[in-house]
$ cat data.txt   # compact mmCIF, C-alpha atoms
# COMPACT_ATOMS: atom_id res chain seq x y z
CA MET A 8 -22.71 35.85 -36.35
CA LYS A 9 -23.53 34.86 -39.94
CA SER A 10 -27.01 33.60 -39.39
CA ASN A 11 -29.22 32.53 -36.53
CA ALA A 12 -32.24 31.73 -38.60
CA PHE A 13 -32.69 28.04 -37.84
CA ASN A 14 -35.54 26.88 -35.64
CA ILE A 15 -35.13 25.02 -32.37
CA LEU A 16 -37.49 22.25 -31.30
CA LEU A 17 -37.91 21.83 -27.54
CA VAL A 18 -39.47 18.51 -26.44
CA GLU A 19 -40.33 18.94 -22.77
CA ASP A 20 -43.34 17.74 -20.81
CA ASP A 21 -42.87 19.97 -17.76
CA PRO A 22 -44.24 23.45 -18.52
CA ASP A 23 -42.14 25.05 -15.78
CA HIS A 24 -38.96 23.55 -17.18
CA ALA A 25 -40.00 24.58 -20.70
CA HIS A 26 -40.60 28.13 -19.46
CA LEU A 27 -37.19 28.27 -17.75
CA ILE A 28 -35.36 26.79 -20.73
CA MET A 29 -36.92 29.19 -23.23
CA ARG A 30 -36.42 32.17 -20.93
CA GLU A 31 -32.77 31.45 -20.24
CA LEU A 32 -31.97 30.69 -23.87
CA LYS A 33 -33.43 34.05 -24.92
CA LYS A 34 -31.63 35.74 -22.07
CA SER A 35 -28.32 34.26 -23.13
CA GLY A 36 -28.72 35.80 -26.57
CA VAL A 37 -30.45 33.05 -28.55
CA THR A 38 -32.83 34.77 -30.94
CA ASN A 39 -33.88 31.66 -32.90
CA ASN A 40 -37.52 30.70 -32.95
CA ILE A 41 -38.23 27.95 -30.43
CA ASP A 42 -41.13 25.55 -31.01
CA TRP A 43 -42.22 23.65 -27.91
CA VAL A 44 -43.95 20.25 -27.92
CA GLU A 45 -44.95 18.35 -24.79
CA ASP A 46 -44.59 14.66 -25.58
CA GLY A 47 -42.78 12.18 -27.78
CA ASN A 48 -45.69 11.58 -30.16
CA GLU A 49 -46.14 15.28 -30.75
CA ALA A 50 -42.40 15.53 -31.44
CA LEU A 51 -42.70 12.90 -34.19
CA GLU A 52 -45.79 14.60 -35.64
CA TYR A 53 -43.84 17.86 -35.71
CA LEU A 54 -40.87 16.21 -37.41
CA GLN A 55 -42.97 14.33 -39.97
CA GLY A 56 -45.50 17.08 -40.61
CA THR A 57 -48.43 14.92 -39.52
CA GLY A 58 -51.35 15.26 -37.05
CA LYS A 59 -51.74 18.85 -35.98
CA TYR A 60 -48.55 19.68 -37.90
CA GLU A 61 -50.03 18.43 -41.19
CA ASN A 62 -48.44 20.38 -44.05
CA LYS A 63 -46.38 22.38 -41.58
CA ILE A 64 -43.15 20.43 -41.87
CA ASN A 65 -40.26 22.49 -40.64
CA SER A 66 -37.41 22.38 -43.10
CA ASN A 67 -35.30 24.84 -41.19
CA LEU A 68 -34.84 22.90 -37.99
CA GLY A 69 -31.30 23.31 -36.68
CA LEU A 70 -31.39 21.96 -33.13
CA ILE A 71 -33.54 19.64 -31.01
CA LEU A 72 -33.58 19.82 -27.21
CA LEU A 73 -34.99 16.52 -26.00
CA ASP A 74 -36.12 15.43 -22.55
CA ILE A 75 -35.96 11.67 -21.83
CA LYS A 76 -38.91 10.88 -19.61
CA LEU A 77 -41.77 11.95 -21.80
CA PRO A 78 -45.38 10.81 -22.01
CA LYS A 79 -46.52 8.49 -24.84
CA LEU A 80 -43.10 8.01 -26.47
CA ASN A 81 -39.96 8.55 -24.42
CA GLY A 82 -37.03 10.71 -25.44
CA LEU A 83 -34.77 7.79 -26.29
CA GLU A 84 -37.39 6.39 -28.68
CA VAL A 85 -37.72 9.81 -30.28
CA LEU A 86 -33.93 10.09 -30.54
CA GLU A 87 -33.71 6.68 -32.20
CA TRP A 88 -36.33 7.74 -34.76
CA ILE A 89 -34.54 11.04 -35.45
CA LYS A 90 -31.17 9.38 -36.01
CA LYS A 91 -32.58 6.62 -38.23
CA ASN A 92 -34.49 9.00 -40.45
CA SER A 93 -32.49 10.38 -43.38
CA GLU A 94 -34.34 13.70 -43.23
CA THR A 95 -33.54 14.35 -39.58
CA LYS A 96 -30.41 12.38 -38.72
CA ASN A 97 -28.05 15.33 -39.19
CA ILE A 98 -29.95 17.67 -36.88
CA PRO A 99 -27.97 18.10 -33.62
CA VAL A 100 -29.82 16.68 -30.63
CA VAL A 101 -29.14 17.76 -27.06
CA MET A 102 -30.58 15.46 -24.42
CA LEU A 103 -31.76 17.69 -21.59
CA THR A 104 -32.94 15.64 -18.65
CA THR A 105 -33.01 15.27 -14.88
CA SER A 106 -31.78 11.69 -15.24
CA SER A 107 -28.21 11.06 -14.14
CA ASP A 108 -28.59 7.34 -14.83
CA ILE A 109 -25.47 6.07 -16.58
CA LYS A 110 -27.65 3.80 -18.73
CA ASP A 111 -29.55 6.82 -20.09
CA ILE A 112 -26.27 8.62 -20.82
CA GLU A 113 -24.74 5.61 -22.61
CA LYS A 114 -27.92 4.85 -24.55
CA SER A 115 -28.24 8.48 -25.64
CA TYR A 116 -24.74 8.60 -27.06
CA THR A 117 -25.10 5.14 -28.61
CA LEU A 118 -28.24 6.31 -30.40
CA GLY A 119 -26.42 9.38 -31.73
CA ALA A 120 -27.13 12.24 -29.32
CA ASN A 121 -24.72 15.13 -29.80
CA LEU A 122 -24.76 16.27 -26.18
CA TYR A 123 -26.16 15.03 -22.88
CA VAL A 124 -26.96 17.76 -20.38
CA GLU A 125 -28.23 16.90 -16.93
CA LYS A 126 -30.72 19.35 -15.45
CA SER A 127 -29.00 19.49 -12.11
CA VAL A 128 -30.93 21.26 -9.38
CA GLU A 129 -28.03 23.51 -8.48
CA ASN A 130 -26.83 24.43 -11.97
CA PHE A 131 -29.92 24.22 -14.15
CA VAL A 132 -29.93 27.87 -15.20
CA LYS A 133 -26.17 27.87 -15.80
CA ARG A 134 -26.41 24.78 -17.97
CA ILE A 135 -29.17 26.32 -20.09
CA LYS A 136 -26.89 29.30 -20.61
CA ASN A 137 -24.22 26.89 -21.86
CA ILE A 138 -26.71 25.41 -24.32
CA GLY A 139 -27.27 29.01 -25.43
CA LEU A 140 -23.55 29.18 -26.26
CA TYR A 141 -23.87 25.91 -28.21
CA CYS A 142 -26.80 27.42 -30.19
CA GLN A 143 -24.65 30.40 -31.05
CA TYR A 144 -21.81 28.12 -32.11
CA LEU A 145 -24.21 26.24 -34.41
CA SER A 146 -25.50 29.52 -35.81
CA ASN A 147 -21.96 30.68 -36.53
CA SER A 148 -21.01 27.44 -38.26
CA GLU A 149 -24.08 27.36 -40.53
CA MET B 3 -31.87 -26.71 -3.32
CA ASN B 4 -32.57 -28.05 -6.82
CA ASP B 5 -31.94 -26.23 -10.10
CA ASN B 6 -35.56 -25.12 -10.39
CA ASP B 7 -35.41 -23.49 -6.95
CA LYS B 8 -32.16 -21.80 -7.87
CA ASN B 9 -33.66 -20.49 -11.11
CA THR B 10 -36.76 -19.25 -9.29
CA ASN B 11 -34.64 -17.47 -6.68
CA SER B 12 -32.45 -15.98 -9.35
CA GLU B 13 -35.50 -14.76 -11.31
CA ARG B 14 -36.97 -13.30 -8.12
CA SER B 15 -33.72 -11.57 -7.33
CA GLU B 16 -33.55 -10.17 -10.87
CA MET B 17 -37.10 -8.90 -10.50
CA GLU B 18 -36.27 -7.27 -7.19
CA ASN B 19 -33.27 -5.59 -8.80
CA ASP B 20 -35.49 -4.34 -11.60
CA ASP B 21 -37.96 -2.95 -9.06
CA LEU B 22 -35.10 -1.23 -7.29
CA GLU B 23 -33.83 0.20 -10.56
CA ASN B 24 -37.27 1.58 -11.32
CA PHE B 25 -37.48 3.01 -7.83
CA ILE B 26 -34.14 4.75 -8.24
CA TYR B 27 -35.14 6.08 -11.62
CA THR B 28 -38.42 7.40 -10.22
CA ILE B 29 -36.61 9.06 -7.33
CA SER B 30 -34.01 10.63 -9.53
CA HIS B 31 -36.42 11.98 -12.08
CA ASP B 32 -39.76 12.54 -10.41
CA LEU B 33 -38.42 14.11 -7.22
CA ARG B 34 -35.66 16.11 -8.80
CA SER B 35 -37.81 17.51 -11.57
CA PRO B 36 -40.00 19.83 -9.44
CA LEU B 37 -36.97 20.78 -7.34
CA THR B 38 -35.14 21.83 -10.48
CA ALA B 39 -38.03 24.12 -11.40
CA ILE B 40 -38.21 25.61 -7.88
CA GLN B 41 -34.46 26.19 -7.82
CA GLY B 42 -34.40 27.69 -11.31
CA MET B 43 -37.22 30.11 -10.54
CA THR B 44 -35.71 31.02 -7.17
CA GLN B 45 -32.45 31.83 -8.90
CA ILE B 46 -34.27 34.02 -11.42
CA LEU B 47 -35.99 35.88 -8.58
CA MET B 48 -32.67 36.36 -6.80
CA GLU B 49 -30.83 37.55 -9.88
CA ASP B 50 -33.41 39.51 -11.82
CA TYR B 51 -35.98 40.69 -9.28
CA GLU B 52 -33.79 41.35 -6.27
CA ASP B 53 -34.40 45.11 -6.40
CA LEU B 54 -38.16 44.57 -6.06
CA LEU B 55 -37.80 42.65 -2.80
CA ASP B 56 -37.22 44.06 0.66
CA LYS B 57 -34.85 42.51 3.21
CA ASP B 58 -37.46 40.01 4.45
CA GLY B 59 -38.33 38.97 0.91
CA ARG B 60 -34.70 38.29 0.10
CA TYR B 61 -34.30 36.34 3.35
CA TYR B 62 -37.23 34.07 2.48
CA LEU B 63 -35.84 33.47 -1.00
CA GLU B 64 -32.49 32.51 0.48
CA ARG B 65 -34.24 30.06 2.78
CA ILE B 66 -36.11 28.49 -0.15
CA ASP B 67 -32.78 28.19 -1.97
CA ALA B 68 -31.07 26.59 1.03
CA ASN B 69 -33.89 24.12 1.61
CA VAL B 70 -34.03 23.10 -2.03
CA LYS B 71 -30.30 22.36 -1.91
CA LYS B 72 -30.78 20.36 1.27
CA MET B 73 -33.57 18.37 -0.36
CA GLU B 74 -31.38 17.66 -3.38
CA SER B 75 -28.61 16.51 -1.11
CA LEU B 76 -31.03 14.12 0.63
CA ILE B 77 -32.22 12.71 -2.68
CA ASN B 78 -28.63 12.25 -3.86
CA ASP B 79 -27.73 10.45 -0.64
CA LEU B 80 -30.73 8.16 -0.97
CA LEU B 81 -29.72 7.37 -4.53
CA LYS B 82 -26.20 6.59 -3.41
CA LEU B 83 -27.52 4.35 -0.66
CA SER B 84 -29.80 2.47 -3.04
CA ARG B 85 -26.93 1.91 -5.46
CA ALA B 86 -24.32 0.98 -2.85
CA GLY B 87 -25.14 -2.69 -2.71
CA ARG B 88 -25.58 -3.23 -6.41
CA ILE B 89 -23.12 -1.27 -8.45
CA LYS B 90 -19.72 -2.84 -8.45
CA SER B 91 -16.55 -1.59 -10.01
CA PRO B 92 -13.85 -4.06 -10.90
CA LYS B 93 -11.51 -4.77 -8.01
CA GLU B 94 -8.04 -3.36 -8.35
CA GLN B 95 -4.99 -2.76 -6.25
CA ILE B 96 -5.33 0.47 -4.28
CA GLU B 97 -2.61 2.34 -2.43
CA SER B 98 -4.65 3.14 0.66
CA LEU B 99 -2.04 5.59 1.95
CA THR B 100 -2.34 7.71 -1.22
CA MET B 101 -6.12 7.50 -1.10
CA VAL B 102 -6.40 8.51 2.56
CA SER B 103 -3.88 11.36 2.16
CA LYS B 104 -5.86 12.82 -0.72
CA ILE B 105 -9.18 12.48 1.11
CA ILE B 106 -7.75 14.29 4.13
CA ASP B 107 -6.45 17.08 1.89
CA ASP B 108 -9.85 17.40 0.21
CA ILE B 109 -11.79 17.43 3.47
CA SER B 110 -9.36 19.92 5.02
CA LYS B 111 -10.06 22.28 2.11
CA GLU B 112 -13.83 21.68 2.23
CA GLU B 113 -14.04 22.29 5.96
CA GLY B 114 -11.33 24.95 6.11
CA ILE B 115 -9.34 23.16 8.78
CA SER B 116 -5.70 23.71 9.57
CA ASN B 117 -3.38 23.06 12.50
CA TRP B 118 -5.18 19.86 13.42
CA ASN B 119 -3.11 16.95 14.56
CA ILE B 120 -3.69 14.49 11.72
CA ALA B 121 -1.61 11.31 11.77
CA ILE B 122 -1.71 8.79 8.94
CA ASP B 123 0.21 5.55 9.40
CA LYS B 124 2.74 5.74 6.56
CA SER B 125 2.67 1.97 6.21
CA LEU B 126 -1.05 1.78 5.30
CA PRO B 127 -1.08 -1.27 3.01
CA PRO B 128 -2.23 -1.67 -0.58
CA VAL B 129 -5.53 -3.53 -0.78
CA VAL B 130 -7.56 -5.12 -3.54
CA TYR B 131 -10.99 -3.55 -3.56
CA ASP B 132 -13.57 -1.53 -5.47
CA ARG B 133 -11.85 1.88 -5.71
CA PRO B 134 -14.88 4.24 -5.71
CA ALA B 135 -16.41 2.22 -2.86
CA LEU B 136 -13.28 2.38 -0.68
CA ASN B 137 -12.99 6.07 -1.38
CA GLU B 138 -16.57 6.57 -0.14
CA VAL B 139 -15.83 4.52 2.98
CA PHE B 140 -12.75 6.51 4.00
CA TYR B 141 -14.30 9.81 2.95
CA ASN B 142 -17.46 9.35 5.00
CA ILE B 143 -15.70 8.10 8.12
CA ILE B 144 -13.02 10.80 8.08
CA LYS B 145 -15.57 13.51 7.29
CA ASN B 146 -17.62 12.35 10.25
CA ALA B 147 -14.56 12.61 12.47
CA VAL B 148 -14.15 16.23 11.35
CA ILE B 149 -17.83 17.15 11.62
CA PHE B 150 -18.18 15.68 15.10
CA MET B 151 -14.99 17.16 16.53
CA GLY B 152 -16.97 19.69 18.57
CA ASP B 153 -15.03 22.47 20.28
CA GLN B 154 -11.99 20.31 21.04
CA ARG B 155 -8.96 22.56 21.64
CA GLU B 156 -6.48 20.11 20.14
CA PRO B 157 -8.38 18.27 17.42
CA SER B 158 -6.75 15.03 16.49
CA ILE B 159 -7.47 12.35 13.89
CA GLU B 160 -5.45 9.19 13.37
CA VAL B 161 -5.75 6.66 10.55
CA GLY B 162 -4.12 3.28 11.02
CA TYR B 163 -4.53 -0.44 10.43
CA GLU B 164 -3.81 -3.90 11.71
CA ARG B 165 -3.32 -7.12 9.78
CA GLN B 166 -5.33 -10.22 10.69
CA ASP B 167 -5.21 -13.70 9.18
CA ASN B 168 -8.00 -13.10 6.70
CA CYS B 169 -8.37 -9.33 6.53
CA VAL B 170 -6.95 -5.87 7.11
CA ILE B 171 -8.63 -3.86 9.86
CA PHE B 172 -8.46 -0.13 9.20
CA HIS B 173 -9.32 2.38 11.89
CA VAL B 174 -10.05 6.09 12.06
CA ARG B 175 -9.66 7.53 15.57
CA ASP B 176 -10.69 11.01 16.68
CA ASN B 177 -10.87 12.90 19.94
CA GLY B 178 -14.20 14.55 19.12
CA ILE B 179 -17.53 14.59 20.93
CA GLY B 180 -17.97 10.80 20.93
CA ILE B 181 -21.21 8.84 21.09
CA GLU B 182 -23.34 7.90 24.09
CA SER B 183 -23.27 4.14 24.65
CA GLU B 184 -27.05 3.79 24.16
CA ASN B 185 -26.73 5.38 20.70
CA ILE B 186 -23.88 3.32 19.33
CA ASP B 187 -26.20 0.78 17.69
CA LYS B 188 -28.17 3.51 15.97
CA ILE B 189 -25.25 5.21 14.34
CA PHE B 190 -25.19 2.99 11.24
CA LYS B 191 -28.92 3.27 10.62
CA VAL B 192 -30.20 5.51 7.89
CA PHE B 193 -31.45 8.98 8.91
CA GLU B 194 -30.41 8.48 12.54
CA ARG B 195 -28.64 11.57 13.80
CA VAL B 196 -27.91 10.74 17.39
CA ARG B 197 -25.17 13.19 18.19
CA ASP B 198 -26.35 16.51 19.60
CA ILE B 199 -24.64 18.76 17.14
CA ASP B 200 -26.03 20.63 14.16
CA SER B 201 -24.15 18.82 11.46
CA LYS B 202 -24.19 19.15 7.70
CA GLY B 203 -24.82 15.43 7.33
CA ASN B 204 -28.15 13.87 6.41
CA GLY B 205 -27.77 10.79 8.54
CA VAL B 206 -27.02 8.62 5.51
CA GLY B 207 -23.20 8.55 5.37
CA LEU B 208 -22.51 5.76 7.87
CA ALA B 209 -25.46 3.65 6.67
CA PHE B 210 -23.98 3.96 3.19
CA VAL B 211 -20.53 2.94 4.46
CA LYS B 212 -21.92 -0.08 6.31
CA LYS B 213 -23.76 -1.22 3.21
CA ILE B 214 -20.58 -1.05 1.12
CA ILE B 215 -18.43 -2.82 3.72
CA GLU B 216 -20.93 -5.64 4.25
CA HIS B 217 -21.53 -5.96 0.52
CA TYR B 218 -17.85 -6.87 0.16
CA GLY B 219 -17.89 -9.30 3.06
CA GLY B 220 -16.40 -7.01 5.71
CA LYS B 221 -17.50 -5.67 9.07
CA ILE B 222 -17.68 -2.23 10.58
CA TRP B 223 -17.97 -1.18 14.22
CA VAL B 224 -17.23 1.72 16.51
CA GLU B 225 -15.76 2.13 19.96
CA SER B 226 -16.73 5.37 21.59
CA SER B 227 -17.96 7.14 24.66
CA LYS B 228 -19.43 10.58 25.04
CA GLY B 229 -16.76 13.27 25.32
CA HIS B 230 -13.91 10.88 24.65
CA GLY B 231 -13.82 10.59 20.88
CA SER B 232 -14.61 7.65 18.61
CA THR B 233 -12.69 4.97 16.78
CA PHE B 234 -14.30 3.47 13.71
CA TYR B 235 -12.99 0.09 12.56
CA PHE B 236 -13.72 -1.71 9.32
CA THR B 237 -12.36 -4.81 7.68
CA ILE B 238 -11.26 -5.41 4.12
CA PRO B 239 -11.13 -9.17 3.52
CA TYR B 240 -8.13 -10.54 1.65
CA MET B 241 -9.22 -11.39 -1.84
CA GLU B 242 -8.27 -14.40 -3.84
CA ALA B 243 -4.68 -13.88 -5.01
CA ASP B 244 -4.63 -10.78 -2.86
CA LEU B 245 -2.03 -8.24 -3.84
CA SER B 246 -1.77 -6.76 -0.37
CA GLU B 247 1.36 -8.74 0.32
CA ILE B 248 3.13 -7.10 -2.61

$ encode --input "data.txt" --output "structure tokens"
Amino acid sequence: MKSNAFNILLVEDDPDHAHLIMRELKKSGVTNNIDWVEDGNEALEYLQGTGKYENKINSNLGLILLDIKLPKLNGLEVLEWIKKNSETKNIPVVMLTTSSDIKDIEKSYTLGANLYVEKSVENFVKRIKNIGLYCQYLSNSE
Amino acid sequence: MNDNDKNTNSERSEMENDDLENFIYTISHDLRSPLTAIQGMTQILMEDYEDLLDKDGRYYLERIDANVKKMESLINDLLKLSRAGRIKSPKEQIESLTMVSKIIDDISKEEGISNWNIAIDKSLPPVVYDRPALNEVFYNIIKNAVIFMGDQREPSIEVGYERQDNCVIFHVRDNGIGIESENIDKIFKVFERVRDIDSKGNGVGLAFVKKIIEHYGGKIWVESSKGHGSTFYFTIPYMEADLSEI
């Protein structure tokens, strides 16, 4: 592995899901720093370096894990912003959601999501491990 | 009915559809979300903390795991039921013989059955229908025949059809446990489990099938008596420029 230094942003409103995601990513060998924000507005503040992230803009962001149903600003709105903004549009975004709604899947890919992963009840942990593999692939191709 | 009435009805119907969509979305996200967390944490306990638990502890974890899966299955069935009457795939010509043969193979593997007497009429006709919907119809009816076979020594399932002037009537006949006459009307209602057997079903399958069949202008009914098997019938109406005569 050449480098695994990029940061990961996790946008997830459910603290139990956030805990599981971060735990399983670490367990599957992801050593990158993971920053966790709990709603869409906070995600945009993080990305723009505003609000409580004033002057803390993260220039080493390499992956965003984005839930869809989020308070204040939903995940699709956040995704749209990310992919329209020249500073962030090249950052890979993985939609990570309990929604299996075909409209959410289509909209996500239309807006530029790189992957859509459904948090299925039965395979949640396994799917997080697969995202871990994707993180490692990104690290290797840096 | 004038145009204004039609528009009002159409708007109302659109609003009802939107409400239903929101309901489905809420079900799929809000109910699944906590289940996903429970299941994930249960799995962690089972995989990483197993050594710290005694036999009883492991048993209770397995029960949590099993019940979470059952709950997910219920939610998925409800979602399917809610979508049955609204989501349409384009109609296409379907070789019903190929479809039924594959479904029987799949169910045989799922249920681990062999040496059953399964007879499919080799002349099952092509029909013009919504493919995923017809697959669900055959799958649910045939699966029910398997589940409710009971301890029959010579299990038998037969799939056949009959042509009528305006439709094809398919049937699935079994020699399973059958249905008491007073329960026949309940069998197509959601969450009704009238047959005294511990089945894997949630009581949604036949309600789902009925909704699909009626949505496409057909009918479904059953002839059965307790201890003497059941025959489920359903109709597929001939469509405009039907290809079933090909």

$ closest_residue --input "data.txt" --among "A:Val124, A:Leu51, A:Leu32, A:Leu77" --to "Ile64 in chain A" --atoms "only C-alpha atoms"
A:Leu51

$ residues_around --input "data.txt" --residues "Lys114 in chain A" --least-positions-apart "2" --cutoff "12 Å" --atoms "all atoms listed in the file" --output "list in words"
Ile75, Gly82, Leu83, Glu84, Leu86, Glu87, Met102, Asp108, Ile109, Lys110, Asp111, Ile112, Tyr116, Thr117, Leu118, Gly119, Ala120, Asn121, Leu122 and Tyr123 of chain A

$ atom_distance --input "data.txt" --atom1 "CA of Leu80 in chain B" --atom2 "CA of Lys191 in chain B"
12.7 Å

$ residues_around --input "data.txt" --residues "range 55-70 of chain B" --least-positions-apart "2" --cutoff "10 Å" --atoms "only C-alpha atoms" --output "short mmCIF file (atom, residue, chain, number, x, y, z; two decimals) with C-alpha atoms, in the coordinates of the input"
data_model
loop_
_atom_site.label_atom_id
_atom_site.label_comp_id
_atom_site.auth_asym_id
_atom_site.auth_seq_id
_atom_site.Cartn_x
_atom_site.Cartn_y
_atom_site.Cartn_z
CA VAL A 128 -30.93 21.26 -9.38
CA GLU A 129 -28.03 23.51 -8.48
CA ARG B 34 -35.66 16.11 -8.80
CA LEU B 37 -36.97 20.78 -7.34
CA THR B 38 -35.14 21.83 -10.48
CA ILE B 40 -38.21 25.61 -7.88
CA GLN B 41 -34.46 26.19 -7.82
CA GLY B 42 -34.40 27.69 -11.31
CA MET B 43 -37.22 30.11 -10.54
CA THR B 44 -35.71 31.02 -7.17
CA GLN B 45 -32.45 31.83 -8.90
CA LEU B 47 -35.99 35.88 -8.58
CA MET B 48 -32.67 36.36 -6.80
CA TYR B 51 -35.98 40.69 -9.28
CA GLU B 52 -33.79 41.35 -6.27
CA ASP B 53 -34.40 45.11 -6.40
CA LYS B 72 -30.78 20.36 1.27
CA MET B 73 -33.57 18.37 -0.36
CA GLU B 74 -31.38 17.66 -3.38
CA SER B 75 -28.61 16.51 -1.11
CA LEU B 76 -31.03 14.12 0.63
#

$ closest_atom_pairs --input "data.txt" --of "chain A" --to "chain B" --cutoff "10 Å" --atoms "all atoms listed in the file" --output "CSV"
residue,atom,partner,partner_atom,distance
A:Asp21,CA,B:Ser35,CA,8.4
A:Pro22,CA,B:Ala39,CA,9.5
A:Asp23,CA,B:Ala39,CA,6.1
A:His24,CA,B:Ala39,CA,5.9
A:Ala25,CA,B:Ala39,CA,9.5
A:His26,CA,B:Ala39,CA,9.4
A:Leu27,CA,B:Gly42,CA,7.0
A:Ile28,CA,B:Gly42,CA,9.5
A:Arg30,CA,B:Ile46,CA,9.9
A:Glu31,CA,B:Ile46,CA,9.3
A:Ile75,CA,B:His31,CA,9.8
A:Lys76,CA,B:His31,CA,8.0
A:Thr104,CA,B:His31,CA,8.3
A:Thr105,CA,B:His31,CA,5.5
A:Ser106,CA,B:His31,CA,5.6
A:Ser107,CA,B:Ser30,CA,7.4
A:Asp108,CA,B:Tyr27,CA,7.4
A:Lys126,CA,B:Thr38,CA,7.1
A:Ser127,CA,B:Thr38,CA,6.8
A:Val128,CA,B:Thr38,CA,4.4
A:Glu129,CA,B:Gln41,CA,7.0
A:Asn130,CA,B:Gly42,CA,8.3
A:Phe131,CA,B:Gly42,CA,6.3
A:Val132,CA,B:Gly42,CA,5.9
A:Lys133,CA,B:Gly42,CA,9.4

$ closest_residue --input "data.txt" --among "B:Val102, B:Ser227, B:Phe234, B:Asp153" --to "Phe190 in chain B" --atoms "all atoms listed in the file"
B:Phe234

$ closest_residue --input "data.txt" --among "B:Ser125, B:Lys145, B:Phe140, B:Val170" --to "Ile109 in chain B" --atoms "all atoms listed in the file"
B:Lys145
